[in-house]
Amino acid sequence: MEVLGLPPSDSAEKSLYDFLNGLELEGVAWFNLDLPGIHEIDSIGWFKDFGFFSIETKGFNIRDFKDLTLDHITYTNENHQFKFGHKPAPWKQVQMASRLLATFLKNIYRSKNIFPSREINKINSFIPRIFPLTYFPFIRESEFKNSFPNSFEILSDYILFNDCHQNVEYFKNKLKNIGERQIANNPYKDPKDYQKDYKNLISKYSTELVKIYKEKVFIQKPEVSTDEKYDKNLLKILESADLKEEVNDIDFNYPVFRYGYAGTGKTIIALKILQKFATENKQVLFTCYNKVLATDLRRFMKLSYDNAYKYFENITIKDIHDLIYEYSPFGKSINFDSASGLLEDKFETIVNEIIQAGYFKGSFEHIVIDEAQDLKDYGWKLILHLAKREFASLTVLNGKEQNLYLKKPSIYLSRFEDECKRLQEEKGLKGNYKQKRRIYRNKTRTFLLSQSFLDDYPEVQKSIKFIQNNEAKNDPTFEFTRQLGNFPFIINKLTPRKSFIDALKRSLTHCLQENENYGLGASGVLLIVPFKFSTKIPANNFYRNLAIDILKGMNLDFIDYTIEENRRLDYLINQVRVVSFHSCRGIEANFSIILGFEEIFRLSETSHCDYHKLGYIVLSRAKYETYLFIDSTKDNEDANKFINFSKTIFAKVSPDEKFIYDI
């Protein structure tokens with residue numbers, strides 16, 4: 001057996017490393033891999049006759065478990081209970097991580113064109129079925145069976161015990177049984193065919209494919225720096241005096257509510273609150289609607305390697321649907337490709353099952369809900385189940401102008417806001433209910449144009465007056481912390497010529513160079529395209545495909561968040577981020593490049609949201625500069641109206657500067 005990677009320092013993981021290193025089987029095992037966004041995998045193993053396994057190692061003894069079911073473990077030791085009791089059982093964690101690993105591999109294929117030499121028809125042909133496996137090096141199978149007989153039968157298909165050290169045949173039989181039984185348990189397969197499916201599956205993963213993984217995929221290639229400046233800069237903001245003062249004004253015996261416009265620091269105050277509780281050694285949760293936002297914030301967790309930020313281990317960050325899946329009953333499948341109505345019903349059912357089971361109730365001392373304006377009733381029900389003190393455990397962030405998915409807010413949100421207002425008045429609270437008015441993210445003109453699009457578009461005279469009043473500081477609605485800056489640069493396509501693509505390349509090159517000058521990686525550049533990737537409506541992929549082709553042509557690494565399943569993959573510091581209009585909500589970047597803004601009107605109509613709100617979100621992502629590409633060659637009255645709207649504002653407010661380039 002070939003074992004790659006540094007030997008683990010953890011004694012339990014080292015046990016597996018040493019065992020596989022001396023094993024006389026054809027296969028490869030990888031250790032100490034830094035896989036983006038995948039934490040519950042200590043090793044990946046390929047065994048020629050048994051397939052691929054993701055392995056999570058747990059160094060528990062049998063006496064560490066007080067009670068054990070398929071979904072939940074109660075630990076004997078208080079420290080273990082605090083650290084692990086709010087999490088699903090390890091076999092559920094590694095099961096979720098296996099799905100994420102398959103997504104990671106698919107993304108590698110798409111972005112880097114890494115395939116075996118022979119011709120392929122489908123990417124999925126080279127995504128291994130990855131069997132999840134939990135390894136207990138200090139527990140014998142017999143003592144587990146005697147202690148928890150009711151759970152043993154099904155869990156034996158997911159757990160490897162230390163019997164493997166005494167008997168290699170036990171190990172091989174275990175791998176075979178795990179593979180066959182997990183395929184047999186697939187609800188989308190006919191049980192009669194599982195043995196045939198298993199043999200076909202295993203034979204497909206040839207040594208040729210494994211060689212590619214060894215040489216190009218599972219390699220020891222850390223990010224540019226573990227001391228990543230992006231996260232460090234954000235941490236400096238968390239230590240600012242005004243944030244400390246705001247937290248000091250909050251009475252955490254009562255619920256907390258914040259509302260405000262884009263870029264006003266709602267998420268920053270949320271992180272500061274989570275930091276407060278986590279440093280007090282309490283378990284806290286951040287949840288939101290947008291998968292990409294949750295993925296973005298999970299990068300904080302990487303800093304837990306530093307003793308100064310060890311408290312990050314106490315913070316859980318999950319989007320609401322990932323949270324539901326995590327706490328769903330073991331073996332409960334969620335087909336995310338289902339029609340939205342069916343999927344919503346499924347989430348509702350699963351949340352009710354979680355609550356009825358009673359596990360994880362009151363797991364978190366404090367919970368932050370971001371994007372509360374789009375959180376549905378079933379999401380609120382789960383959060384209140386997880387909260388230790390129900391409403392009193394919550395900080396809720398409401399972007400009232402940024403609702404894209406719900407026309408009317410949940411009844412829970414309305415009740416929460418009313419409760420916060422009432423308590424603020426009755427108890428004389430100073431900072432529990434508050435509007436955020438200070439603009440942290442955008443330079444002044446970036447914010448003002450996006451805000452005028454939200455409030456006044458297409459009434460240009462009202463927009464001009466609004467912008468001029470704010471620049472003169474005659475309007476007390478907002479407090480600006482950034483410089484005046486520029487309006488967005490608009491590149492208007494007039495004729496179908498190659499120069500439009502050249503302009504996009506030049507803009508991208510400029511943004512990357514400027515980003516480098518700030519000492520940051522390519523992840524500081526956000527490419528925003530109208531639609532998420534669709535196989536059903538290929539025409540909607542035009543701008544997404546254009547962006548991807550240009551990035552590949554320039555040999556730039558990237559992460560494609562327009563693909564739904566990629567949205568829970570962490571990005572690397574050297575990767576440009578590609579997102580859709582809808583999924584950029586809550587995300588920020590140093591520079592944003594918006595493609596196909598003319599599509600926002602059609603997109604809003606088909607997705608049943610207000611184009612003022614979607615445009616406001618898309619236009620307000622950048623900290624420094626925004627480049628907006630729009631195509632006037634299309635028969636699109638709305639696009640021309642927006643161009644004329646912008647020209648009039650720019651000519652009146654800043655006549656000496658050029659912001660629109662007709663190509």
# chains A, B, ... in the order shown; residues from 1 in each chain; ligands from 1

call {"tool": "residues_around", "arguments": {"residues": "region 348-364 of chain A", "least_positions_apart": "3", "cutoff": "7 Å", "atoms": "only C-alpha atoms", "output": "ChimeraX atom specification"}}
result
/A:72,86,283-285,324,327-329,344-345,367,378,382,385-388

call {"tool": "residues_around", "arguments": {"residues": "Ile630 (chain A)", "least_positions_apart": "5", "cutoff": "9 Å", "atoms": "only C-alpha atoms", "output": "list in words"}}
result
Ile490, Ile491, Asn492, Lys493, Ile594, Leu595, Gly596, Phe597, Glu598, Glu599, Ala639 and Ile643 of chain A

call {"tool": "select_by_dssp", "arguments": {"residues": "region 360-577 of chain A", "states": "helix (DSSP H, G or I)", "output": "PyMOL selection string"}}
result
chain A and resi 372-374+377-386+390-393+400-402+411-426+444-455+460-471+499-517+522-524+538-553+564-568

call {"tool": "closest_atom_pairs", "arguments": {"of": "region 531-647 of chain A", "to": "region 400-403 of chain A", "cutoff": "12 Å", "atoms": "only C-alpha atoms", "output": "tab-separated table"}}
result
residue	atom	partner	partner_atom	distance
A:His582	CA	A:Gln402	CA	10.3
A:Ser583	CA	A:Gln402	CA	11.9
A:Cys584	CA	A:Gln402	CA	11.4
A:Arg585	CA	A:Gln402	CA	8.0
A:Gly586	CA	A:Gln402	CA	9.5
A:His608	CA	A:Asn403	CA	11.1
A:Cys609	CA	A:Asn403	CA	8.1
A:Asp610	CA	A:Asn403	CA	8.8
A:Tyr611	CA	A:Gln402	CA	10.6
A:His612	CA	A:Glu401	CA	9.1
A:Lys613	CA	A:Gln402	CA	5.7
A:Leu614	CA	A:Gln402	CA	7.3
A:Gly615	CA	A:Gln402	CA	9.9
A:Tyr616	CA	A:Gln402	CA	8.1
A:Ile617	CA	A:Gln402	CA	6.9
A:Val618	CA	A:Gln402	CA	10.5
A:Ser620	CA	A:Gln402	CA	11.5

call {"tool": "atom_distance", "arguments": {"atom1": "CA of Ile467 (chain A)", "atom2": "CA of Gly485 (chain A)"}}
result
13.2 Å

call {"tool": "select_by_dssp", "arguments": {"residues": "region 413-462 of chain A", "states": "strand (DSSP E)", "output": "PDB file with N, CA, C and O atoms, in the first residue's frame"}}
result
ATOM      1  N   TYR A 433     -32.065  46.935  19.412  1.00  0.00           N
ATOM      2  CA  TYR A 433     -32.824  47.153  18.172  1.00  0.00           C
ATOM      3  C   TYR A 433     -32.256  48.403  17.510  1.00  0.00           C
ATOM      4  O   TYR A 433     -32.298  49.497  18.084  1.00  0.00           O
ATOM      5  N   LYS A 434     -31.694  48.212  16.299  1.00  0.00           N
ATOM      6  CA  LYS A 434     -30.942  49.333  15.743  1.00  0.00           C
ATOM      7  C   LYS A 434     -30.846  49.231  14.229  1.00  0.00           C
ATOM      8  O   LYS A 434     -30.728  48.134  13.676  1.00  0.00           O
ATOM      9  N   GLN A 435     -30.896  50.384  13.591  1.00  0.00           N
ATOM     10  CA  GLN A 435     -30.636  50.439  12.150  1.00  0.00           C
ATOM     11  C   GLN A 435     -29.152  50.693  11.919  1.00  0.00           C
ATOM     12  O   GLN A 435     -28.540  51.513  12.612  1.00  0.00           O
ATOM     13  N   LYS A 436     -28.587  49.986  10.938  1.00  0.00           N
ATOM     14  CA  LYS A 436     -27.186  50.201  10.558  1.00  0.00           C
ATOM     15  C   LYS A 436     -27.138  51.244   9.446  1.00  0.00           C
ATOM     16  O   LYS A 436     -27.735  51.070   8.389  1.00  0.00           O
ATOM     17  N   ARG A 438     -23.963  53.189   8.902  1.00  0.00           N
ATOM     18  CA  ARG A 438     -22.580  53.493   8.542  1.00  0.00           C
ATOM     19  C   ARG A 438     -22.127  52.573   7.418  1.00  0.00           C
ATOM     20  O   ARG A 438     -22.227  51.348   7.529  1.00  0.00           O
ATOM     21  N   ILE A 439     -21.607  53.140   6.338  1.00  0.00           N
ATOM     22  CA  ILE A 439     -21.219  52.364   5.159  1.00  0.00           C
ATOM     23  C   ILE A 439     -19.755  51.951   5.290  1.00  0.00           C
ATOM     24  O   ILE A 439     -18.848  52.789   5.222  1.00  0.00           O
TER      25      ILE A 439
END

call {"tool": "closest_atom_pairs", "arguments": {"of": "region 253-325 of chain A", "to": "region 38-49 of chain A", "cutoff": "12 Å", "atoms": "only C-alpha atoms", "output": "JSON lines"}}
result
{"residue": "A:Thr295", "atom": "CA", "partner": "A:Ile38", "partner_atom": "CA", "distance": 10.9}
{"residue": "A:Arg298", "atom": "CA", "partner": "A:Ile38", "partner_atom": "CA", "distance": 10.7}
{"residue": "A:Arg299", "atom": "CA", "partner": "A:Ile38", "partner_atom": "CA", "distance": 11.3}
{"residue": "A:Met301", "atom": "CA", "partner": "A:His39", "partner_atom": "CA", "distance": 10.0}
{"residue": "A:Lys302", "atom": "CA", "partner": "A:His39", "partner_atom": "CA", "distance": 10.0}
{"residue": "A:Glu313", "atom": "CA", "partner": "A:His39", "partner_atom": "CA", "distance": 11.7}

call {"tool": "write_last_selection", "arguments": {"atoms": "N, CA and C atoms", "output": "tab-separated table (two decimals), in the first residue's frame"}}
result
chain	number	residue	atom	x	y	z
A	295	THR	N	-20.03	29.92	2.77
A	295	THR	CA	-18.72	29.41	2.38
A	295	THR	C	-17.65	30.47	2.56
A	298	ARG	N	-16.81	30.88	6.21
A	298	ARG	CA	-16.16	29.71	6.83
A	298	ARG	C	-14.65	29.77	6.72
A	299	ARG	N	-14.13	30.65	5.88
A	299	ARG	CA	-12.68	30.78	5.79
A	299	ARG	C	-12.07	31.22	7.12
A	301	MET	N	-12.53	29.83	9.81
A	301	MET	CA	-12.21	28.63	10.57
A	301	MET	C	-10.77	28.19	10.36
A	302	LYS	N	-10.20	28.57	9.20
A	302	LYS	CA	-8.82	28.17	8.92
A	302	LYS	C	-7.85	28.79	9.91
A	313	GLU	N	-12.94	27.51	16.69
A	313	GLU	CA	-13.45	26.13	16.72
A	313	GLU	C	-14.84	26.06	17.35

call {"tool": "residues_around", "arguments": {"residues": "region 556-567 of chain A", "least_positions_apart": "5", "cutoff": "7 Å", "atoms": "only C-alpha atoms", "output": "count of residues only"}}
result
13

call {"tool": "atom_distance", "arguments": {"atom1": "CA of Val28 (chain A)", "atom2": "CA of Ile219 (chain A)"}}
result
12.7 Å

call {"tool": "residues_around", "arguments": {"residues": "Leu105 (chain A)", "least_positions_apart": "5", "cutoff": "9 Å", "atoms": "only C-alpha atoms", "output": "compact mmCIF listing (two decimals) with all heavy atoms, in the first residue's frame"}}
result
# COMPACT_ATOMS: atom_id res chain seq x y z
N LEU A 100 -19.22 16.25 -0.53
CA LEU A 100 -18.48 17.46 -0.85
C LEU A 100 -17.19 17.13 -1.60
O LEU A 100 -16.76 17.85 -2.50
CB LEU A 100 -18.17 18.22 0.44
CG LEU A 100 -17.90 19.72 0.31
CD1 LEU A 100 -19.07 20.43 -0.35
CD2 LEU A 100 -17.62 20.32 1.67
N ARG A 110 -13.67 20.27 -14.21
CA ARG A 110 -14.22 21.35 -15.03
C ARG A 110 -13.22 22.50 -15.19
O ARG A 110 -13.06 23.04 -16.27
CB ARG A 110 -15.50 21.89 -14.39
CG ARG A 110 -16.73 21.02 -14.59
CD ARG A 110 -17.96 21.82 -14.19
NE ARG A 110 -19.19 21.08 -14.40
CZ ARG A 110 -19.94 20.56 -13.44
NH1 ARG A 110 -19.55 20.68 -12.19
NH2 ARG A 110 -21.06 19.93 -13.71
N PHE A 126 -15.96 9.91 -14.27
CA PHE A 126 -14.69 9.87 -13.57
C PHE A 126 -14.78 10.48 -12.17
O PHE A 126 -13.80 10.93 -11.61
CB PHE A 126 -13.61 10.58 -14.41
CG PHE A 126 -13.32 9.82 -15.67
CD1 PHE A 126 -13.98 10.13 -16.84
CD2 PHE A 126 -12.44 8.76 -15.67
CE1 PHE A 126 -13.73 9.42 -18.00
CE2 PHE A 126 -12.20 8.03 -16.83
CZ PHE A 126 -12.84 8.36 -18.00
N ILE A 127 -15.99 10.49 -11.64
CA ILE A 127 -16.17 10.84 -10.24
C ILE A 127 -16.41 9.55 -9.48
O ILE A 127 -17.46 8.92 -9.62
CB ILE A 127 -17.37 11.79 -10.04
CG1 ILE A 127 -17.20 13.05 -10.88
CG2 ILE A 127 -17.51 12.14 -8.56
CD1 ILE A 127 -16.02 13.89 -10.51
N PRO A 128 -15.46 9.10 -8.68
CA PRO A 128 -15.65 7.83 -7.97
C PRO A 128 -16.81 7.90 -7.00
O PRO A 128 -17.10 8.95 -6.43
CB PRO A 128 -14.33 7.66 -7.21
CG PRO A 128 -13.38 8.63 -7.78
CD PRO A 128 -14.18 9.74 -8.37
N VAL A 217 -4.12 16.14 -8.40
CA VAL A 217 -5.29 16.51 -7.60
C VAL A 217 -4.97 16.50 -6.11
O VAL A 217 -4.97 17.54 -5.45
CB VAL A 217 -6.48 15.57 -7.90
CG1 VAL A 217 -7.69 15.96 -7.05
CG2 VAL A 217 -6.85 15.63 -9.38

call {"tool": "closest_residue", "arguments": {"among": "A:Leu508, A:Leu429, A:Thr316, A:Ala392", "to": "Ala522 (chain A)", "atoms": "only C-alpha atoms"}}
result
A:Leu508
